[in-house]
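Student: My questions all concern the structure below.
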Amino acid sequence: MIASNLNSKVTLSNGVKMPLLGLGLYQTNNGKEIENAIANALDAGYRLLDTASFYNNEEGVGKAIKTSIIPREQLFVTSKLWNSDQGFQSTMKAFETSLKLMQQEYLDLYLIHWPIPEKTVETWRALETLYTTGKIRAIGVSNFTKNQLEELLSIAEVPPMVNQVEFHPRLQQNELQAFCNEHKIQYQAWSPLAKGDALEIGEIKCLAEKYGKSESQIVLRWMIQKKISTIPKSVHKWRIFENADVFTFELSDMDVEVLDGLDSNQRIGPDPNSIDF
Ligand code: NDP
């Protein structure tokens, strides 16, 4: 079995270990909603929390971390730099704001949320500075295409360690995945359940019945077996536990192929080549 429990991690190119499965926090509100979701996730054994300044809930993430009895060094906290903050000085400032809101001394991972090619060099220099001064344990990007990664790699003094992209059975981006693997950039899946759409796919329903698991568990287990880090979001305790319970069964190679075969290059989110926000 490739990954045997919720503590299973991947090793990033700089040696930092990142959990394979974490809790997504988009559209999770500050206050009781996020504090309960994180408390439930930590009880279930999650250690990776994925937020962003754009989600407007970093304050709630900070409160939940402070309330928890889990030592900070056992957690892996990710945040992301929003588009309007790209640029050297504005990135440095935005990072400090995120740290302050989360009451943190450091972050485990900080990502450029979306590519803005004309700003990448300046923004990346800021991330490199924060990384070398020890304020972030790993740096990376989100929603970068192969071409955008190639450009970044050509100027980077510290290469990106993660690319967090839309990934689910209907959008697999195999060429991008292969490029990331080749350059030791960990692939991380956002919207792994396609916001619930993936759970309606006939083949996935059949596999759920065959393994006696839920549709979401089939999808998430498939990612874990492919060593793709994944961050499903839920604010419901039973789903948070359900999504974490993917380490006690294994999909056969043939069934992995069935899921691989569902790719139809179908996005549910924006195309990074044509964003206008
Ligand atoms: P997901 O694919 O994780 O789906 C979340 C939706 O599915 C919610 O409506 C949730 O409902 C529902 N759900 C969760 N678990 C189950 C289950 N077991 N059975 C049925 N329904 C379920 O979508 P997200 O877009 O939230 O993506 C996950 C995370 O990825 C985000 O939260 C965020 O952290 C990150 N992200 C990053 C982006 C980027 O640009 N870097 C873009 C988008 C997301 P409920 O909460 O009501 O349980």
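Labeling convention for the structure tokens: chains A, B, ... as they appear, residues from 1 per chain, ligands from 1 in order of appearance.
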Dump as JSON lines the rows for residues of chain A within 7 Å of ligand 1: closest atom pair and distance in Å with one decimal, only C-alpha atoms and all ligand atoms counted, ordered by chain and rising residue number.
Tutor:
```
{"residue": "A:Leu23", "atom": "CA", "partner": "ligand 1", "partner_atom_place_in_ligand_line": "34 (O)", "distance": 6.8}
{"residue": "A:Gly24", "atom": "CA", "partner": "ligand 1", "partner_atom_place_in_ligand_line": "34 (O)", "distance": 3.3}
{"residue": "A:Leu25", "atom": "CA", "partner": "ligand 1", "partner_atom_place_in_ligand_line": "32 (O)", "distance": 4.0}
{"residue": "A:Tyr26", "atom": "CA", "partner": "ligand 1", "partner_atom_place_in_ligand_line": "32 (O)", "distance": 3.6}
{"residue": "A:Gln27", "atom": "CA", "partner": "ligand 1", "partner_atom_place_in_ligand_line": "32 (O)", "distance": 6.7}
{"residue": "A:Asp50", "atom": "CA", "partner": "ligand 1", "partner_atom_place_in_ligand_line": "34 (O)", "distance": 4.7}
{"residue": "A:Thr51", "atom": "CA", "partner": "ligand 1", "partner_atom_place_in_ligand_line": "34 (O)", "distance": 5.4}
{"residue": "A:His113", "atom": "CA", "partner": "ligand 1", "partner_atom_place_in_ligand_line": "41 (N)", "distance": 5.6}
{"residue": "A:Trp114", "atom": "CA", "partner": "ligand 1", "partner_atom_place_in_ligand_line": "40 (O)", "distance": 6.6}
{"residue": "A:Ser142", "atom": "CA", "partner": "ligand 1", "partner_atom_place_in_ligand_line": "41 (N)", "distance": 5.2}
{"residue": "A:Asn143", "atom": "CA", "partner": "ligand 1", "partner_atom_place_in_ligand_line": "40 (O)", "distance": 6.1}
{"residue": "A:Gln164", "atom": "CA", "partner": "ligand 1", "partner_atom_place_in_ligand_line": "41 (N)", "distance": 5.6}
{"residue": "A:Val165", "atom": "CA", "partner": "ligand 1", "partner_atom_place_in_ligand_line": "41 (N)", "distance": 6.1}
{"residue": "A:Glu166", "atom": "CA", "partner": "ligand 1", "partner_atom_place_in_ligand_line": "42 (C)", "distance": 6.8}
{"residue": "A:Ala189", "atom": "CA", "partner": "ligand 1", "partner_atom_place_in_ligand_line": "30 (O)", "distance": 7.0}
{"residue": "A:Trp190", "atom": "CA", "partner": "ligand 1", "partner_atom_place_in_ligand_line": "30 (O)", "distance": 3.7}
{"residue": "A:Ser191", "atom": "CA", "partner": "ligand 1", "partner_atom_place_in_ligand_line": "2 (O)", "distance": 3.2}
{"residue": "A:Pro192", "atom": "CA", "partner": "ligand 1", "partner_atom_place_in_ligand_line": "2 (O)", "distance": 4.2}
{"residue": "A:Leu193", "atom": "CA", "partner": "ligand 1", "partner_atom_place_in_ligand_line": "2 (O)", "distance": 3.4}
{"residue": "A:Ala194", "atom": "CA", "partner": "ligand 1", "partner_atom_place_in_ligand_line": "2 (O)", "distance": 4.1}
{"residue": "A:Lys195", "atom": "CA", "partner": "ligand 1", "partner_atom_place_in_ligand_line": "4 (O)", "distance": 3.3}
{"residue": "A:Gly196", "atom": "CA", "partner": "ligand 1", "partner_atom_place_in_ligand_line": "7 (O)", "distance": 4.4}
{"residue": "A:Ser216", "atom": "CA", "partner": "ligand 1", "partner_atom_place_in_ligand_line": "18 (N)", "distance": 5.0}
{"residue": "A:Ile231", "atom": "CA", "partner": "ligand 1", "partner_atom_place_in_ligand_line": "29 (C)", "distance": 5.2}
{"residue": "A:Pro232", "atom": "CA", "partner": "ligand 1", "partner_atom_place_in_ligand_line": "3 (O)", "distance": 3.5}
{"residue": "A:Lys233", "atom": "CA", "partner": "ligand 1", "partner_atom_place_in_ligand_line": "3 (O)", "distance": 3.9}
{"residue": "A:Ser234", "atom": "CA", "partner": "ligand 1", "partner_atom_place_in_ligand_line": "46 (O)", "distance": 3.2}
{"residue": "A:Val235", "atom": "CA", "partner": "ligand 1", "partner_atom_place_in_ligand_line": "46 (O)", "distance": 4.2}
{"residue": "A:His236", "atom": "CA", "partner": "ligand 1", "partner_atom_place_in_ligand_line": "48 (O)", "distance": 4.8}
{"residue": "A:Arg239", "atom": "CA", "partner": "ligand 1", "partner_atom_place_in_ligand_line": "18 (N)", "distance": 4.5}
{"residue": "A:Ile240", "atom": "CA", "partner": "ligand 1", "partner_atom_place_in_ligand_line": "15 (N)", "distance": 6.6}
{"residue": "A:Glu242", "atom": "CA", "partner": "ligand 1", "partner_atom_place_in_ligand_line": "18 (N)", "distance": 5.8}
{"residue": "A:Asn243", "atom": "CA", "partner": "ligand 1", "partner_atom_place_in_ligand_line": "18 (N)", "distance": 5.5}
```
Student: Take the residues from that selection and write them out as a compact mmCIF listing (two decimals), in the first residue's frame, keeping N, CA, C and O atoms.
Tutor:
```txt
# COMPACT_ATOMS: atom_id res chain seq x y z
N LEU A 23 -7.27 19.98 4.59
CA LEU A 23 -8.61 20.57 4.56
C LEU A 23 -8.60 21.86 3.73
O LEU A 23 -7.86 22.80 4.05
N GLY A 24 -9.43 21.91 2.70
CA GLY A 24 -9.61 23.13 1.91
C GLY A 24 -10.53 24.08 2.66
O GLY A 24 -11.49 23.64 3.31
N LEU A 25 -10.25 25.38 2.57
CA LEU A 25 -11.03 26.33 3.38
C LEU A 25 -11.69 27.44 2.58
O LEU A 25 -12.16 28.43 3.15
N TYR A 26 -11.75 27.27 1.26
CA TYR A 26 -12.45 28.27 0.44
C TYR A 26 -13.94 28.22 0.79
O TYR A 26 -14.49 27.14 1.03
N GLN A 27 -14.58 29.38 0.81
CA GLN A 27 -16.01 29.48 1.13
C GLN A 27 -16.36 28.89 2.49
O GLN A 27 -17.39 28.27 2.68
N ASP A 50 -5.54 24.64 4.23
CA ASP A 50 -5.28 25.42 3.02
C ASP A 50 -6.18 26.65 2.97
O ASP A 50 -7.38 26.55 2.70
N THR A 51 -5.58 27.83 3.21
CA THR A 51 -6.35 29.07 3.10
C THR A 51 -5.69 30.00 2.09
O THR A 51 -4.77 29.61 1.37
N HIS A 113 -1.20 32.95 -5.94
CA HIS A 113 -2.52 32.34 -6.16
C HIS A 113 -2.82 32.11 -7.65
O HIS A 113 -3.31 31.06 -8.05
N TRP A 114 -2.55 33.14 -8.48
CA TRP A 114 -2.78 33.03 -9.93
C TRP A 114 -1.61 33.67 -10.68
O TRP A 114 -1.04 34.65 -10.19
N SER A 142 0.33 28.58 -7.81
CA SER A 142 -0.96 27.94 -8.01
C SER A 142 -1.46 28.37 -9.38
O SER A 142 -1.26 29.52 -9.79
N ASN A 143 -2.07 27.43 -10.08
CA ASN A 143 -2.67 27.72 -11.39
C ASN A 143 -1.66 28.11 -12.46
O ASN A 143 -1.99 28.83 -13.39
N GLN A 164 -0.29 24.20 -7.14
CA GLN A 164 -1.65 23.80 -6.75
C GLN A 164 -2.58 24.16 -7.90
O GLN A 164 -2.71 25.34 -8.24
N VAL A 165 -3.21 23.15 -8.49
CA VAL A 165 -4.03 23.39 -9.69
C VAL A 165 -5.36 22.66 -9.60
O VAL A 165 -5.52 21.73 -8.79
N GLU A 166 -6.28 23.07 -10.45
CA GLU A 166 -7.56 22.34 -10.54
C GLU A 166 -7.27 20.93 -11.01
O GLU A 166 -6.63 20.72 -12.05
N ALA A 189 -3.96 19.12 -5.72
CA ALA A 189 -5.27 19.21 -6.39
C ALA A 189 -6.22 20.15 -5.66
O ALA A 189 -6.55 19.90 -4.50
N TRP A 190 -6.66 21.21 -6.36
CA TRP A 190 -7.80 21.98 -5.79
C TRP A 190 -9.10 21.55 -6.47
O TRP A 190 -9.07 21.04 -7.58
N SER A 191 -10.19 21.77 -5.76
CA SER A 191 -11.51 21.25 -6.18
C SER A 191 -11.41 19.77 -6.57
O SER A 191 -11.86 19.37 -7.65
N PRO A 192 -10.84 18.94 -5.69
CA PRO A 192 -10.65 17.52 -6.04
C PRO A 192 -11.97 16.79 -6.31
O PRO A 192 -12.00 15.80 -7.04
N LEU A 193 -13.06 17.29 -5.70
CA LEU A 193 -14.37 16.64 -5.92
C LEU A 193 -15.14 17.37 -7.01
O LEU A 193 -16.32 17.10 -7.21
N ALA A 194 -14.46 18.31 -7.69
CA ALA A 194 -15.12 19.18 -8.68
C ALA A 194 -16.35 19.82 -8.03
O ALA A 194 -17.42 19.90 -8.64
N LYS A 195 -16.18 20.22 -6.78
CA LYS A 195 -17.25 20.85 -5.98
C LYS A 195 -18.47 19.95 -5.85
O LYS A 195 -19.59 20.42 -5.70
N GLY A 196 -18.28 18.66 -5.96
CA GLY A 196 -19.38 17.69 -5.83
C GLY A 196 -19.77 17.07 -7.16
O GLY A 196 -20.34 15.97 -7.20
N SER A 216 -16.80 10.12 -2.86
CA SER A 216 -15.69 11.04 -2.55
C SER A 216 -14.46 10.24 -2.10
O SER A 216 -13.33 10.59 -2.44
N ILE A 231 -6.86 18.54 -1.23
CA ILE A 231 -7.37 19.39 -0.14
C ILE A 231 -8.89 19.57 -0.25
O ILE A 231 -9.38 20.68 -0.44
N PRO A 232 -9.65 18.47 -0.10
CA PRO A 232 -11.12 18.60 -0.18
C PRO A 232 -11.65 19.54 0.90
O PRO A 232 -11.13 19.57 2.01
N LYS A 233 -12.68 20.29 0.53
CA LYS A 233 -13.30 21.22 1.48
C LYS A 233 -14.64 20.67 1.97
O LYS A 233 -15.44 20.17 1.17
N SER A 234 -14.87 20.77 3.27
CA SER A 234 -16.22 20.57 3.78
C SER A 234 -16.34 21.30 5.10
O SER A 234 -15.35 21.45 5.83
N VAL A 235 -17.56 21.76 5.40
CA VAL A 235 -17.79 22.36 6.72
C VAL A 235 -18.61 21.39 7.59
O VAL A 235 -18.98 21.74 8.70
N HIS A 236 -18.88 20.20 7.04
CA HIS A 236 -19.69 19.23 7.80
C HIS A 236 -18.82 18.14 8.40
O HIS A 236 -18.06 17.49 7.68
N ARG A 239 -18.66 14.70 6.77
CA ARG A 239 -17.93 14.66 5.49
C ARG A 239 -16.43 14.85 5.71
O ARG A 239 -15.61 14.26 5.00
N ILE A 240 -16.08 15.69 6.68
CA ILE A 240 -14.66 15.89 7.00
C ILE A 240 -14.05 14.54 7.40
O ILE A 240 -12.97 14.17 6.93
N GLU A 242 -15.38 11.53 6.68
CA GLU A 242 -15.50 10.62 5.51
C GLU A 242 -14.34 10.85 4.53
O GLU A 242 -13.70 9.90 4.06
N ASN A 243 -14.03 12.12 4.25
CA ASN A 243 -12.99 12.43 3.26
C ASN A 243 -11.60 12.02 3.75
O ASN A 243 -10.69 11.83 2.94
```
Student: As an NGL selection string, please: all residues of segment 44-131 of chain A that backbone DSSP puts in strand (DSSP E).
Tutor: :A and (48-50 or 76-81 or 107-112)
Student: Store the residues picked out above, limited to N, CA and C atoms, as a PDB file, in the first residue's frame.
Tutor:
```pdb
ATOM      1  N   LEU A  48      -2.956  19.462   7.550  1.00  0.00           N
ATOM      2  CA  LEU A  48      -2.731  20.510   6.545  1.00  0.00           C
ATOM      3  C   LEU A  48      -3.994  21.369   6.416  1.00  0.00           C
ATOM      4  N   LEU A  49      -3.824  22.680   6.525  1.00  0.00           N
ATOM      5  CA  LEU A  49      -4.941  23.629   6.364  1.00  0.00           C
ATOM      6  C   LEU A  49      -4.607  24.538   5.202  1.00  0.00           C
ATOM      7  N   ASP A  50      -5.536  24.636   4.230  1.00  0.00           N
ATOM      8  CA  ASP A  50      -5.276  25.422   3.024  1.00  0.00           C
ATOM      9  C   ASP A  50      -6.179  26.652   2.965  1.00  0.00           C
ATOM     10  N   PHE A  76       0.581  21.980   9.136  1.00  0.00           N
ATOM     11  CA  PHE A  76       1.147  22.482   7.879  1.00  0.00           C
ATOM     12  C   PHE A  76       0.154  23.512   7.353  1.00  0.00           C
ATOM     13  N   VAL A  77       0.528  24.781   7.455  1.00  0.00           N
ATOM     14  CA  VAL A  77      -0.414  25.867   7.129  1.00  0.00           C
ATOM     15  C   VAL A  77       0.003  26.539   5.820  1.00  0.00           C
ATOM     16  N   THR A  78      -0.935  26.555   4.888  1.00  0.00           N
ATOM     17  CA  THR A  78      -0.710  27.172   3.573  1.00  0.00           C
ATOM     18  C   THR A  78      -1.565  28.429   3.445  1.00  0.00           C
ATOM     19  N   SER A  79      -0.978  29.495   2.890  1.00  0.00           N
ATOM     20  CA  SER A  79      -1.800  30.616   2.435  1.00  0.00           C
ATOM     21  C   SER A  79      -1.304  31.060   1.057  1.00  0.00           C
ATOM     22  N   LYS A  80      -2.066  31.973   0.461  1.00  0.00           N
ATOM     23  CA  LYS A  80      -1.766  32.382  -0.925  1.00  0.00           C
ATOM     24  C   LYS A  80      -1.848  33.899  -1.065  1.00  0.00           C
ATOM     25  N   LEU A  81      -0.985  34.379  -1.930  1.00  0.00           N
ATOM     26  CA  LEU A  81      -0.899  35.813  -2.216  1.00  0.00           C
ATOM     27  C   LEU A  81      -1.937  36.184  -3.274  1.00  0.00           C
ATOM     28  N   LEU A 107       4.835  30.580   8.016  1.00  0.00           N
ATOM     29  CA  LEU A 107       3.900  29.700   7.293  1.00  0.00           C
ATOM     30  C   LEU A 107       4.688  28.509   6.753  1.00  0.00           C
ATOM     31  N   ASP A 108       3.988  27.418   6.546  1.00  0.00           N
ATOM     32  CA  ASP A 108       4.662  26.245   5.974  1.00  0.00           C
ATOM     33  C   ASP A 108       4.767  26.371   4.462  1.00  0.00           C
ATOM     34  N   LEU A 109       3.741  26.958   3.846  1.00  0.00           N
ATOM     35  CA  LEU A 109       3.740  27.076   2.383  1.00  0.00           C
ATOM     36  C   LEU A 109       3.026  28.359   1.998  1.00  0.00           C
ATOM     37  N   TYR A 110       3.645  29.097   1.080  1.00  0.00           N
ATOM     38  CA  TYR A 110       3.019  30.333   0.573  1.00  0.00           C
ATOM     39  C   TYR A 110       3.054  30.253  -0.941  1.00  0.00           C
ATOM     40  N   LEU A 111       1.889  30.488  -1.550  1.00  0.00           N
ATOM     41  CA  LEU A 111       1.766  30.308  -3.001  1.00  0.00           C
ATOM     42  C   LEU A 111       1.352  31.607  -3.683  1.00  0.00           C
ATOM     43  N   ILE A 112       1.824  31.802  -4.905  1.00  0.00           N
ATOM     44  CA  ILE A 112       1.252  32.851  -5.767  1.00  0.00           C
ATOM     45  C   ILE A 112      -0.078  32.272  -6.245  1.00  0.00           C
TER      46      ILE A 112
END
```
Student: May I ask which of the residues A:Asn29, A:Ser53, A:Ser274, A:Asn5 is the closest one to Gln225 of chain A, counting only C-alpha atoms?
Tutor: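 Result for the nearest residue to Gln225 of chain A: A:Asn5.
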